[in-house]
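Student: Got a structure for you, data_14.txt, holding compact mmCIF, C-alpha atoms.
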# COMPACT_ATOMS: atom_id res chain seq x y z
CA MET A 1 -43.56 9.16 -0.19
CA LYS A 2 -45.06 11.00 2.70
CA LYS A 3 -44.39 14.49 3.97
CA TYR A 4 -43.11 13.18 7.31
CA LEU A 5 -40.09 11.67 5.54
CA PHE A 6 -37.92 14.71 6.27
CA ILE A 7 -38.90 14.74 9.94
CA LEU A 8 -38.03 11.05 10.16
CA PHE A 9 -34.49 11.79 9.04
CA GLY A 10 -34.05 14.27 11.83
CA LEU A 11 -35.00 11.60 14.36
CA LEU A 12 -32.86 8.86 12.84
CA PHE A 13 -29.55 10.70 12.74
CA PHE A 14 -27.37 11.12 15.81
CA ASN A 15 -28.17 14.03 18.11
CA SER A 16 -24.87 15.64 17.19
CA TRP A 17 -26.18 15.93 13.66
CA ASN A 18 -28.50 18.74 14.78
CA ALA A 19 -30.80 20.85 12.64
CA GLN A 20 -28.19 21.25 9.90
CA ALA A 21 -28.96 17.70 8.76
CA GLN A 22 -32.65 18.46 8.29
CA ILE A 23 -34.94 20.58 6.17
CA ASP A 24 -36.72 23.19 8.27
CA ASP A 25 -40.37 22.52 9.04
CA THR A 26 -41.29 25.83 7.39
CA ASP A 27 -39.77 24.59 4.13
CA LEU A 28 -41.91 21.46 4.26
CA GLU A 29 -45.04 23.49 3.79
CA GLU A 30 -43.54 25.31 0.81
CA LEU A 31 -42.73 22.19 -1.23
CA VAL A 32 -44.99 21.98 -4.29
CA ILE A 33 -45.48 18.62 -5.98
CA ASP A 34 -44.35 18.57 -9.61
CA LYS A 35 -46.34 16.06 -11.64
CA LEU A 36 -44.04 14.30 -14.07
CA SER A 37 -44.20 11.04 -15.97
CA ARG A 38 -41.91 8.29 -14.71
CA SER A 39 -39.79 8.45 -17.87
CA SER A 40 -39.37 12.22 -17.49
CA MET A 41 -38.41 11.76 -13.84
CA ILE A 42 -35.75 9.19 -14.74
CA ASP A 43 -34.37 11.48 -17.44
CA ILE A 44 -33.97 14.23 -14.84
CA ILE A 45 -32.28 11.87 -12.36
CA LYS A 46 -29.83 10.84 -15.07
CA LYS A 47 -29.04 14.51 -15.74
CA VAL A 48 -28.34 15.08 -12.05
CA ARG A 49 -26.16 11.97 -11.89
CA ASN A 50 -24.24 12.89 -15.05
CA GLN A 51 -23.73 16.45 -13.84
CA MET A 52 -21.86 15.03 -10.88
CA TYR A 53 -19.67 12.99 -13.22
CA ASN A 54 -18.99 15.85 -15.61
CA ASN A 55 -18.90 18.86 -13.28
CA TYR A 56 -17.00 17.58 -10.25
CA ALA A 57 -14.01 19.63 -9.12
CA ASP A 58 -10.61 18.06 -9.80
CA ASN A 59 -8.99 20.21 -7.10
CA ASN A 60 -7.22 18.87 -4.02
CA TYR A 61 -9.02 19.85 -0.81
CA ASN A 62 -8.27 19.26 2.85
CA TYR A 63 -10.91 17.27 4.73
CA LEU A 64 -11.18 16.57 8.44
CA VAL A 65 -12.32 12.98 8.97
CA THR A 66 -13.82 12.25 12.38
CA HIS A 67 -14.61 8.65 13.17
CA GLN A 68 -15.84 6.53 16.06
CA ALA A 69 -16.41 2.76 16.06
CA MET A 70 -17.85 0.43 18.69
CA ILE A 71 -17.97 -3.35 18.98
CA ASN A 72 -20.92 -5.26 20.46
CA ASP A 73 -22.37 -2.04 21.95
CA THR A 74 -19.88 -2.21 24.81
CA ALA A 75 -16.32 -1.32 23.79
CA GLN A 76 -14.91 1.58 21.82
CA LEU A 77 -12.60 0.35 19.08
CA LEU A 78 -11.70 3.65 17.48
CA ASN A 79 -11.92 7.39 18.11
CA SER A 80 -9.99 9.51 15.65
CA GLU A 81 -9.67 12.88 13.93
CA THR A 82 -7.40 13.14 10.91
CA VAL A 83 -6.79 15.84 8.30
CA PHE A 84 -6.40 14.46 4.77
CA ASP A 85 -5.43 16.00 1.47
CA VAL A 86 -8.08 14.56 -0.87
CA ASN A 87 -8.55 14.40 -4.62
CA ILE A 88 -11.75 12.84 -5.97
CA ASN A 89 -12.10 11.70 -9.58
CA LEU A 90 -15.63 10.37 -10.02
CA LYS A 91 -15.18 9.41 -13.67
CA SER A 92 -12.35 7.02 -12.84
CA LYS A 93 -13.89 6.14 -9.45
CA LYS A 94 -10.66 7.11 -7.72
CA ILE A 95 -10.37 8.79 -4.34
CA ASN A 96 -6.77 9.62 -3.48
CA LYS A 97 -6.01 10.87 0.03
CA SER A 98 -2.94 11.37 2.16
CA ILE A 99 -2.55 12.43 5.78
CA VAL A 100 -1.67 16.08 6.40
CA LYS A 101 0.44 16.93 9.45
CA ASP A 102 -1.92 18.88 11.68
CA PRO A 103 -2.19 19.46 15.45
CA ARG A 104 -5.81 18.30 15.30
CA ASN A 105 -4.80 14.79 14.27
CA LYS A 106 -5.44 12.27 17.02
CA MET A 107 -6.01 8.54 17.23
CA SER A 108 -7.32 6.31 19.99
CA MET A 109 -7.52 2.66 18.94
CA ASP A 110 -7.99 -0.72 20.59
CA THR A 111 -4.65 -2.19 19.54
CA LEU A 112 -5.35 -5.53 21.24
CA PHE A 113 -8.23 -6.05 18.84
CA PHE A 114 -6.76 -4.65 15.61
CA ASN A 115 -3.20 -5.98 15.98
CA ARG A 116 -4.52 -9.52 15.49
CA TYR A 117 -5.02 -8.69 11.80
CA SER A 118 -2.77 -7.81 8.91
CA GLY A 119 -3.52 -5.64 5.87
CA ASN A 120 -7.09 -5.65 4.56
CA ASP A 121 -7.97 -8.56 6.85
CA SER A 122 -8.77 -5.96 9.48
CA PRO A 123 -12.35 -4.73 9.97
CA MET A 124 -10.71 -1.28 10.17
CA TYR A 125 -10.78 -1.13 6.36
CA TRP A 126 -14.54 -1.72 6.24
CA LEU A 127 -15.28 0.59 9.15
CA THR A 128 -13.30 3.56 7.79
CA GLU A 129 -12.02 3.54 4.22
CA VAL A 130 -14.98 1.80 2.63
CA VAL A 131 -17.46 4.08 4.42
CA ILE A 132 -15.92 7.12 2.74
CA ARG A 133 -15.46 5.59 -0.69
CA LYS A 134 -18.90 4.08 -1.20
CA TYR A 135 -20.79 7.26 -0.29
CA VAL A 136 -18.45 9.88 -1.80
CA ASN A 137 -18.82 8.05 -5.14
CA VAL A 138 -22.24 9.67 -5.47
CA PRO A 139 -23.11 8.81 -9.11
CA GLU A 140 -22.78 5.10 -8.29
CA LEU A 141 -25.33 5.17 -5.48
CA ASP A 142 -28.15 2.69 -5.96
CA PHE A 143 -31.02 5.14 -6.49
CA PHE A 144 -29.12 6.90 -9.31
CA ASN A 145 -28.91 3.67 -11.31
CA ASN A 146 -31.41 0.93 -10.38
CA PHE A 147 -34.52 2.87 -11.38
CA LYS A 148 -36.77 -0.18 -11.68
CA ASP A 149 -36.52 -0.76 -7.93
CA TYR A 150 -37.63 2.74 -6.90
CA THR A 151 -40.61 5.07 -6.91
CA PHE A 152 -39.88 8.79 -7.30
CA GLU A 153 -41.69 12.04 -6.64
CA ARG A 154 -40.44 15.54 -7.45
CA LYS A 155 -41.21 18.71 -5.51
CA ARG A 156 -40.20 22.33 -5.98
CA THR A 157 -39.05 24.81 -3.33
CA ASN A 158 -39.71 28.55 -3.15
CA ASP A 159 -36.12 29.38 -4.10
CA GLY A 160 -36.38 27.49 -7.39
CA GLN A 161 -34.58 24.33 -6.36
CA TYR A 162 -36.02 20.84 -6.66
CA VAL A 163 -36.33 17.87 -4.35
CA ILE A 164 -36.71 14.30 -5.60
CA GLU A 165 -37.89 11.80 -3.01
CA PHE A 166 -37.15 8.13 -3.64
CA TYR A 167 -38.32 4.91 -2.05
CA SER A 168 -37.60 1.20 -2.39
CA GLU A 169 -38.75 -1.28 0.23
CA GLN A 170 -35.78 -3.47 -0.73
CA PHE A 171 -33.10 -0.79 -0.57
CA TYR A 172 -33.14 2.91 0.39
CA GLU A 173 -35.54 5.70 1.23
CA GLY A 174 -34.54 9.35 1.05
CA TYR A 175 -34.31 12.47 -1.06
CA PHE A 176 -31.85 14.65 -2.95
CA GLN A 177 -32.05 18.36 -3.70
CA TYR A 178 -30.66 20.03 -6.84
CA ASP A 179 -30.70 23.41 -8.58
CA LYS A 180 -31.84 24.53 -12.05
CA ASN A 181 -28.49 23.47 -13.52
CA PHE A 182 -28.89 19.94 -12.09
CA ASN A 183 -26.14 20.47 -9.50
CA LEU A 184 -26.71 18.47 -6.33
CA LYS A 185 -27.09 20.50 -3.14
CA LYS A 186 -28.02 17.94 -0.52
CA MET A 187 -29.11 14.35 -0.02
CA GLU A 188 -30.19 12.14 2.86
CA PHE A 189 -31.11 8.47 2.82
CA VAL A 190 -31.49 5.43 5.05
CA LEU A 191 -31.32 1.70 4.39
CA LEU A 192 -34.70 0.01 4.77
CA LYS A 193 -33.74 -3.65 4.32
CA PRO A 194 -30.49 -5.23 5.61
CA TYR A 195 -28.27 -6.96 3.06
CA VAL A 196 -25.48 -9.54 3.20
CA ILE A 197 -21.86 -9.11 2.10
CA ASP A 198 -19.70 -12.16 1.37
CA HIS A 199 -16.04 -11.30 0.80
CA SER A 200 -14.58 -14.81 0.96
CA GLN A 201 -11.60 -15.67 -1.25
CA SER A 202 -9.91 -18.88 -2.37
CA ARG A 203 -6.82 -19.84 -4.36
CA ASN A 204 -6.21 -23.12 -6.16
CA GLY A 205 -9.35 -24.55 -4.62
CA LYS A 206 -8.32 -23.67 -1.07
CA PHE A 207 -9.92 -20.95 1.02
CA MET A 208 -7.57 -18.11 1.95
CA PHE A 209 -10.22 -16.56 4.15
CA GLU A 210 -13.95 -16.55 4.71
CA LYS A 211 -15.52 -13.21 5.52
CA ASN A 212 -19.21 -12.25 5.64
CA TRP A 213 -21.50 -9.87 7.49
CA ILE A 214 -24.85 -8.05 7.33
CA TYR A 215 -25.25 -4.33 6.77
CA LYS A 216 -28.07 -3.75 9.24
CA GLN A 217 -28.32 0.04 9.08
CA GLU A 218 -26.99 2.85 6.92
CA LYS A 219 -27.88 6.51 7.52
CA VAL A 220 -26.25 9.10 5.29
CA SER A 221 -26.36 12.87 4.84
CA ILE A 222 -24.28 14.70 2.22
CA THR A 223 -24.11 18.41 1.39
CA PHE A 224 -22.54 19.78 -1.79
CA LYS A 225 -21.17 23.17 -2.83
CA THR A 226 -19.67 24.73 -5.95
CA ASN A 227 -16.24 26.36 -6.16
CA ASP A 228 -15.26 29.60 -7.91
CA GLN A 229 -15.17 27.76 -11.24
CA GLY A 230 -18.71 26.48 -10.76
CA LYS A 231 -17.54 22.92 -10.10
CA ASN A 232 -19.26 20.68 -7.57
CA PHE A 233 -17.60 19.17 -4.53
CA VAL A 234 -18.64 17.33 -1.37
CA SER A 235 -18.78 19.83 1.47
CA GLU A 236 -19.71 17.39 4.23
CA LEU A 237 -20.60 13.73 4.46
CA LYS A 238 -22.05 12.12 7.58
CA ALA A 239 -22.54 8.37 7.67
CA SER A 240 -23.53 5.98 10.43
CA GLU A 241 -23.56 2.22 9.91
CA GLU A 242 -24.36 -0.91 11.86
CA ILE A 243 -22.71 -4.18 10.85
CA GLN A 244 -24.20 -7.35 12.28
CA ASP A 245 -22.87 -10.93 12.51
CA TYR A 246 -19.38 -10.19 11.24
CA ASN A 247 -17.69 -13.58 10.70
CA PHE A 248 -14.06 -13.92 9.67
CA THR A 249 -11.76 -16.93 9.37
CA ARG A 250 -8.19 -16.75 8.03
CA PHE A 251 -6.52 -20.03 6.96
CA ASP A 252 -2.83 -20.89 6.55
CA SER A 253 -1.45 -22.73 3.50
CA ASN A 254 -2.33 -26.09 5.08
CA GLY A 255 -5.92 -25.15 5.79
CA GLY A 256 -5.36 -24.50 9.47
CA VAL A 257 -7.25 -21.68 11.17
CA VAL A 258 -5.04 -18.68 11.95
CA ILE A 259 -7.72 -16.31 13.23
CA LYS A 260 -11.45 -16.67 13.75
CA ASP A 261 -14.16 -14.13 14.65
CA ILE A 262 -17.78 -15.14 15.14
CA ASP A 263 -20.90 -12.95 15.09
CA LEU A 264 -19.31 -9.62 15.96
CA ASP A 265 -21.43 -6.46 15.78
CA PHE A 266 -20.01 -3.03 14.92
CA LYS A 267 -21.35 0.52 14.97
CA SER A 268 -19.58 3.26 13.08
CA ASN A 269 -20.09 7.03 12.91
CA LEU A 270 -18.01 8.97 10.38
CA ILE A 271 -17.91 12.66 9.38
CA PHE A 272 -15.97 13.74 6.26
CA LYS A 273 -15.85 17.55 6.24
CA LYS A 274 -14.09 20.01 3.92
CA MET A 275 -11.90 22.47 5.81
What would you get if you wrote out this structure as structure tokens?

Tutor:
Amino acid sequence: MKKYLFILFGLLFFNSWNAQAQIDDTDLEELVIDKLSRSSMIDIIKKVRNQMYNNYADNNYNYLVTHQAMINDTAQLLNSETVFDVNINLKSKKINKSIVKDPRNKMSMDTLFFNRYSGNDSPMYWLTEVVIRKYVNVPELDFFNNFKDYTFERKRTNDGQYVIEFYSEQFYEGYFQYDKNFNLKKMEFVLLKPYVIDHSQSRNGKFMFEKNWIYKQEKVSITFKTNDQGKNFVSELKASEEIQDYNFTRFDSNGGVVIKDIDLDFKSNLIFKKM
């Protein structure tokens, strides 16, 4: 991992994600490499991961979710701000949220596009709900589990916190920062190699629907805080994604095509922020 990694993140994220989504250049010079064996490094990563499982706040918090989505780089599909009451249980992998009545709530949506779908057929589910759930579920992130695919390097900051940089040419590159008690403070990562999702489903030998796409880009920044009881919680999550070649075909009971989308491209930018 090279020192310019942190600068790269600042360039990759949207301009609206200003300097708060970066580590200051002055801090870069103060990072001291900690030489550890690979087994010791993995033990530490497990402690950080498990601390999130075991020390996550079970409180309900209000979050403002801001989201924009585009299709084929030309048309805006969605522009929304919504306040949610959220409870996150990482051990059971459950994220329960409900809309809070708030004057800030607003929704602009391309109804001509989305009204063609019903239920979870809609790309809306993958552009909004899944974006929150897969990144908020921090202990399940790839670099906290698939150690064989990654290289790691640990550094120490002047204030006694630690930074672990990770890299896999097949998956993600990034870093996470934690304190002496193994509580996460911040993480940033980007996808280096696109991957395919196939969500097709059949029943009694007949296809109900065929759905597949490519995750082309993922760029994520998450900050964490602790509450008065010393429990961790997500303070802010910022995620941008690009989905390429989204193909969807829904069939009726006789095998006829009800709806068909071919090679659609989506861009999504979502901010999940505690109020």

Student: Rank A:Gly174, A:Pro194, A:Pro139, A:Pro103 by their smallest atom-to-atom distance to Ile214 in chain A, using only C-alpha atoms, and report the top residue only.

Tutor: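 Answer, going by the shortest atom-to-atom distance: A:Pro194.
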
Student: Quick one: distance from CA of Asn145 in chain A to CA of Ser37 in chain A in Å, one decimal?

Tutor: 17.6 Å

Student: Using only C-alpha atoms, which protein or nucleic acid residues come within 12 Å of range 104-111 of chain A? Drop anything in the same chain fewer than 3 positions from it, and give the result as a compact mmCIF listing (two decimals) with C-alpha atoms, in the frame of the given file.

Tutor:
# COMPACT_ATOMS: atom_id res chain seq x y z
CA TYR A 63 -10.91 17.27 4.73
CA LEU A 64 -11.18 16.57 8.44
CA VAL A 65 -12.32 12.98 8.97
CA THR A 66 -13.82 12.25 12.38
CA HIS A 67 -14.61 8.65 13.17
CA GLN A 68 -15.84 6.53 16.06
CA ALA A 69 -16.41 2.76 16.06
CA MET A 70 -17.85 0.43 18.69
CA ILE A 71 -17.97 -3.35 18.98
CA ALA A 75 -16.32 -1.32 23.79
CA GLN A 76 -14.91 1.58 21.82
CA LEU A 77 -12.60 0.35 19.08
CA LEU A 78 -11.70 3.65 17.48
CA ASN A 79 -11.92 7.39 18.11
CA SER A 80 -9.99 9.51 15.65
CA GLU A 81 -9.67 12.88 13.93
CA THR A 82 -7.40 13.14 10.91
CA VAL A 83 -6.79 15.84 8.30
CA PHE A 84 -6.40 14.46 4.77
CA ILE A 99 -2.55 12.43 5.78
CA VAL A 100 -1.67 16.08 6.40
CA LYS A 101 0.44 16.93 9.45
CA PHE A 114 -6.76 -4.65 15.61
CA ASN A 115 -3.20 -5.98 15.98
CA ARG A 116 -4.52 -9.52 15.49
CA TYR A 117 -5.02 -8.69 11.80
CA SER A 122 -8.77 -5.96 9.48
CA MET A 124 -10.71 -1.28 10.17

Student: Give as a compact mmCIF listing (two decimals) with C-alpha atoms, keeping the file's coordinate frame each residue that has an atom at most 8 Å from (-26.6, 20.8, -10.4) in the file, counting all atoms listed in the file.

Tutor:
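What follows is the written file part02.txt:
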# COMPACT_ATOMS: atom_id res chain seq x y z
CA VAL A 48 -28.34 15.08 -12.05
CA GLN A 51 -23.73 16.45 -13.84
CA MET A 52 -21.86 15.03 -10.88
CA TYR A 178 -30.66 20.03 -6.84
CA ASP A 179 -30.70 23.41 -8.58
CA LYS A 180 -31.84 24.53 -12.05
CA ASN A 181 -28.49 23.47 -13.52
CA PHE A 182 -28.89 19.94 -12.09
CA ASN A 183 -26.14 20.47 -9.50
CA LEU A 184 -26.71 18.47 -6.33
CA LYS A 185 -27.09 20.50 -3.14
CA ASN A 232 -19.26 20.68 -7.57

Student: For Lys219 in chain A, which residue out of A:Val131, A:Val258, A:Met275, A:Val138 is the nearest one, using all atoms listed in the file?

Tutor: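 Ranking A:Val131, A:Val258, A:Met275, A:Val138 by distance to Lys219 in chain A, first place goes to A:Val131.
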
Student: List every protein, DNA or RNA residue that has an atom no more than 8 Å from (-22.2, 16.0, -0.3) in the file's coordinate frame, counting all atoms listed in the file, and report them as a PyMOL selection string.

Tutor: chain A and resi 136+184-187+221-225+233-237

Student: Any idea what's packed within 10 Å of Lys260 in chain A, counting all atoms listed in the file, ignoring anything in its chain fewer than 5 positions away? Could you give it as a PyMOL selection string?

Tutor: chain A and resi 209-211+247-251

Student: Find the residues around Ser92 in chain A up to 12 Å (only C-alpha atoms counted), leave out those fewer than 5 positions away in its own chain, and share them as a PyMOL selection string.

Tutor: chain A and resi 53-54+56+58+87+137+139-140

Student: Restricting the calculation to only C-alpha atoms, which member of A:Phe266, A:Phe113, A:Tyr246, A:Tyr61 is positioned closest to Ser98 in chain A?

Tutor: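 Using only C-alpha atoms, the shortest distance to Ser98 in chain A belongs to A:Tyr61.
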
Student: Could you check the closest approach to Glu173 in chain A for each of A:Asp245, A:Glu188, A:Asp34, A:Asp228 and tell me which residue wins, using all atoms listed in the file?

Tutor: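 Closest to Glu173 in chain A of all the choices is A:Glu188.
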
Student: Please determine, counting all atoms listed in the file, which residue among A:Asn96, A:Tyr162, A:Lys47, A:Ile243 has the shortest atom-to-atom distance to Val196 in chain A.

Tutor: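 With all atoms listed in the file as the atom set, the closest residue is A:Ile243.
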
Student: Separation of CA of Leu192 in chain A and CA of Gln217 in chain A, in Å?

Tutor: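 Separation of CA of Leu192 in chain A and CA of Gln217 in chain A: 7.7 Å.
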
Student: Working from the structure I just supplied, which lacks atoms in range 262-273 of chain A, can you model all heavy atoms there and output them as an mmCIF file, keeping the file's coordinate frame?

Tutor:
data_model
loop_
_atom_site.group_PDB
_atom_site.id
_atom_site.type_symbol
_atom_site.label_atom_id
_atom_site.label_comp_id
_atom_site.auth_asym_id
_atom_site.auth_seq_id
_atom_site.Cartn_x
_atom_site.Cartn_y
_atom_site.Cartn_z
ATOM 1 N N ILE A 262 -16.429 -14.628 15.326
ATOM 2 C CA ILE A 262 -17.780 -15.140 15.140
ATOM 3 C C ILE A 262 -18.800 -14.121 15.633
ATOM 4 O O ILE A 262 -18.745 -13.677 16.788
ATOM 5 C CB ILE A 262 -17.989 -16.483 15.885
ATOM 6 C CG1 ILE A 262 -16.998 -17.540 15.387
ATOM 7 C CG2 ILE A 262 -19.419 -16.983 15.701
ATOM 8 C CD1 ILE A 262 -17.060 -18.846 16.154
ATOM 9 N N ASP A 263 -19.714 -13.748 14.750
ATOM 10 C CA ASP A 263 -20.900 -12.950 15.090
ATOM 11 C C ASP A 263 -20.577 -11.676 15.872
ATOM 12 O O ASP A 263 -21.189 -11.373 16.903
ATOM 13 C CB ASP A 263 -21.905 -13.791 15.881
ATOM 14 C CG ASP A 263 -22.524 -14.892 15.039
ATOM 15 O OD1 ASP A 263 -22.422 -14.802 13.804
ATOM 16 O OD2 ASP A 263 -23.092 -15.834 15.617
ATOM 17 N N LEU A 264 -19.611 -10.915 15.364
ATOM 18 C CA LEU A 264 -19.310 -9.620 15.960
ATOM 19 C C LEU A 264 -20.270 -8.564 15.400
ATOM 20 O O LEU A 264 -20.695 -8.642 14.247
ATOM 21 C CB LEU A 264 -17.875 -9.203 15.666
ATOM 22 C CG LEU A 264 -16.770 -10.149 16.157
ATOM 23 C CD1 LEU A 264 -15.402 -9.580 15.821
ATOM 24 C CD2 LEU A 264 -16.897 -10.415 17.647
ATOM 25 N N ASP A 265 -20.590 -7.571 16.217
ATOM 26 C CA ASP A 265 -21.430 -6.460 15.780
ATOM 27 C C ASP A 265 -20.643 -5.159 15.932
ATOM 28 O O ASP A 265 -19.979 -4.943 16.958
ATOM 29 C CB ASP A 265 -22.716 -6.363 16.619
ATOM 30 C CG ASP A 265 -23.616 -7.587 16.450
ATOM 31 O OD1 ASP A 265 -23.541 -8.225 15.380
ATOM 32 O OD2 ASP A 265 -24.376 -7.891 17.384
ATOM 33 N N PHE A 266 -20.726 -4.300 14.899
ATOM 34 C CA PHE A 266 -20.010 -3.030 14.920
ATOM 35 C C PHE A 266 -20.979 -1.878 14.676
ATOM 36 O O PHE A 266 -21.960 -2.006 13.932
ATOM 37 C CB PHE A 266 -18.945 -2.980 13.815
ATOM 38 C CG PHE A 266 -17.874 -4.023 13.934
ATOM 39 C CD1 PHE A 266 -17.882 -5.130 13.108
ATOM 40 C CD2 PHE A 266 -16.845 -3.890 14.856
ATOM 41 C CE1 PHE A 266 -16.895 -6.096 13.192
ATOM 42 C CE2 PHE A 266 -15.857 -4.848 14.951
ATOM 43 C CZ PHE A 266 -15.877 -5.950 14.122
ATOM 44 N N LYS A 267 -20.667 -0.729 15.284
ATOM 45 C CA LYS A 267 -21.350 0.520 14.970
ATOM 46 C C LYS A 267 -20.281 1.545 14.618
ATOM 47 O O LYS A 267 -19.241 1.633 15.289
ATOM 48 C CB LYS A 267 -22.175 1.024 16.158
ATOM 49 C CG LYS A 267 -23.434 0.213 16.422
ATOM 50 C CD LYS A 267 -24.264 0.832 17.533
ATOM 51 C CE LYS A 267 -25.545 0.040 17.764
ATOM 52 N NZ LYS A 267 -26.375 0.630 18.866
ATOM 53 N N SER A 268 -20.560 2.305 13.570
ATOM 54 C CA SER A 268 -19.580 3.260 13.080
ATOM 55 C C SER A 268 -20.255 4.593 12.788
ATOM 56 O O SER A 268 -21.350 4.635 12.228
ATOM 57 C CB SER A 268 -18.910 2.720 11.807
ATOM 58 O OG SER A 268 -18.017 3.658 11.268
ATOM 59 N N ASN A 269 -19.594 5.684 13.168
ATOM 60 C CA ASN A 269 -20.090 7.030 12.910
ATOM 61 C C ASN A 269 -18.949 7.842 12.324
ATOM 62 O O ASN A 269 -17.918 8.026 12.989
ATOM 63 C CB ASN A 269 -20.612 7.671 14.201
ATOM 64 C CG ASN A 269 -21.140 9.079 13.975
ATOM 65 O OD1 ASN A 269 -21.520 9.438 12.873
ATOM 66 N ND2 ASN A 269 -21.160 9.871 15.037
ATOM 67 N N LEU A 270 -19.108 8.301 11.081
ATOM 68 C CA LEU A 270 -18.010 8.970 10.380
ATOM 69 C C LEU A 270 -18.480 10.308 9.807
ATOM 70 O O LEU A 270 -19.568 10.402 9.237
ATOM 71 C CB LEU A 270 -17.459 8.077 9.271
ATOM 72 C CG LEU A 270 -16.222 8.569 8.532
ATOM 73 C CD1 LEU A 270 -15.309 7.389 8.178
ATOM 74 C CD2 LEU A 270 -16.579 9.325 7.248
ATOM 75 N N ILE A 271 -17.646 11.342 9.964
ATOM 76 C CA ILE A 271 -17.910 12.660 9.380
ATOM 77 C C ILE A 271 -16.702 13.028 8.508
ATOM 78 O O ILE A 271 -15.556 13.002 8.967
ATOM 79 C CB ILE A 271 -18.160 13.727 10.443
ATOM 80 C CG1 ILE A 271 -19.343 13.344 11.311
ATOM 81 C CG2 ILE A 271 -18.389 15.087 9.792
ATOM 82 C CD1 ILE A 271 -19.592 14.304 12.458
ATOM 83 N N PHE A 272 -16.979 13.381 7.263
ATOM 84 C CA PHE A 272 -15.970 13.740 6.260
ATOM 85 C C PHE A 272 -16.273 15.179 5.855
ATOM 86 O O PHE A 272 -17.227 15.439 5.140
ATOM 87 C CB PHE A 272 -16.112 12.751 5.084
ATOM 88 C CG PHE A 272 -15.211 12.988 3.910
ATOM 89 C CD1 PHE A 272 -13.914 12.480 3.874
ATOM 90 C CD2 PHE A 272 -15.678 13.666 2.785
ATOM 91 C CE1 PHE A 272 -13.115 12.648 2.758
ATOM 92 C CE2 PHE A 272 -14.885 13.840 1.663
ATOM 93 C CZ PHE A 272 -13.599 13.328 1.656
ATOM 94 N N LYS A 273 -15.482 16.146 6.362
ATOM 95 C CA LYS A 273 -15.850 17.550 6.240
ATOM 96 C C LYS A 273 -14.728 18.382 5.626
ATOM 97 O O LYS A 273 -13.595 18.359 6.105
ATOM 98 C CB LYS A 273 -16.230 18.126 7.605
ATOM 99 C CG LYS A 273 -16.757 19.550 7.567
ATOM 100 C CD LYS A 273 -17.254 19.978 8.936
ATOM 101 C CE LYS A 273 -17.870 21.372 8.869
ATOM 102 N NZ LYS A 273 -18.396 21.800 10.191
#
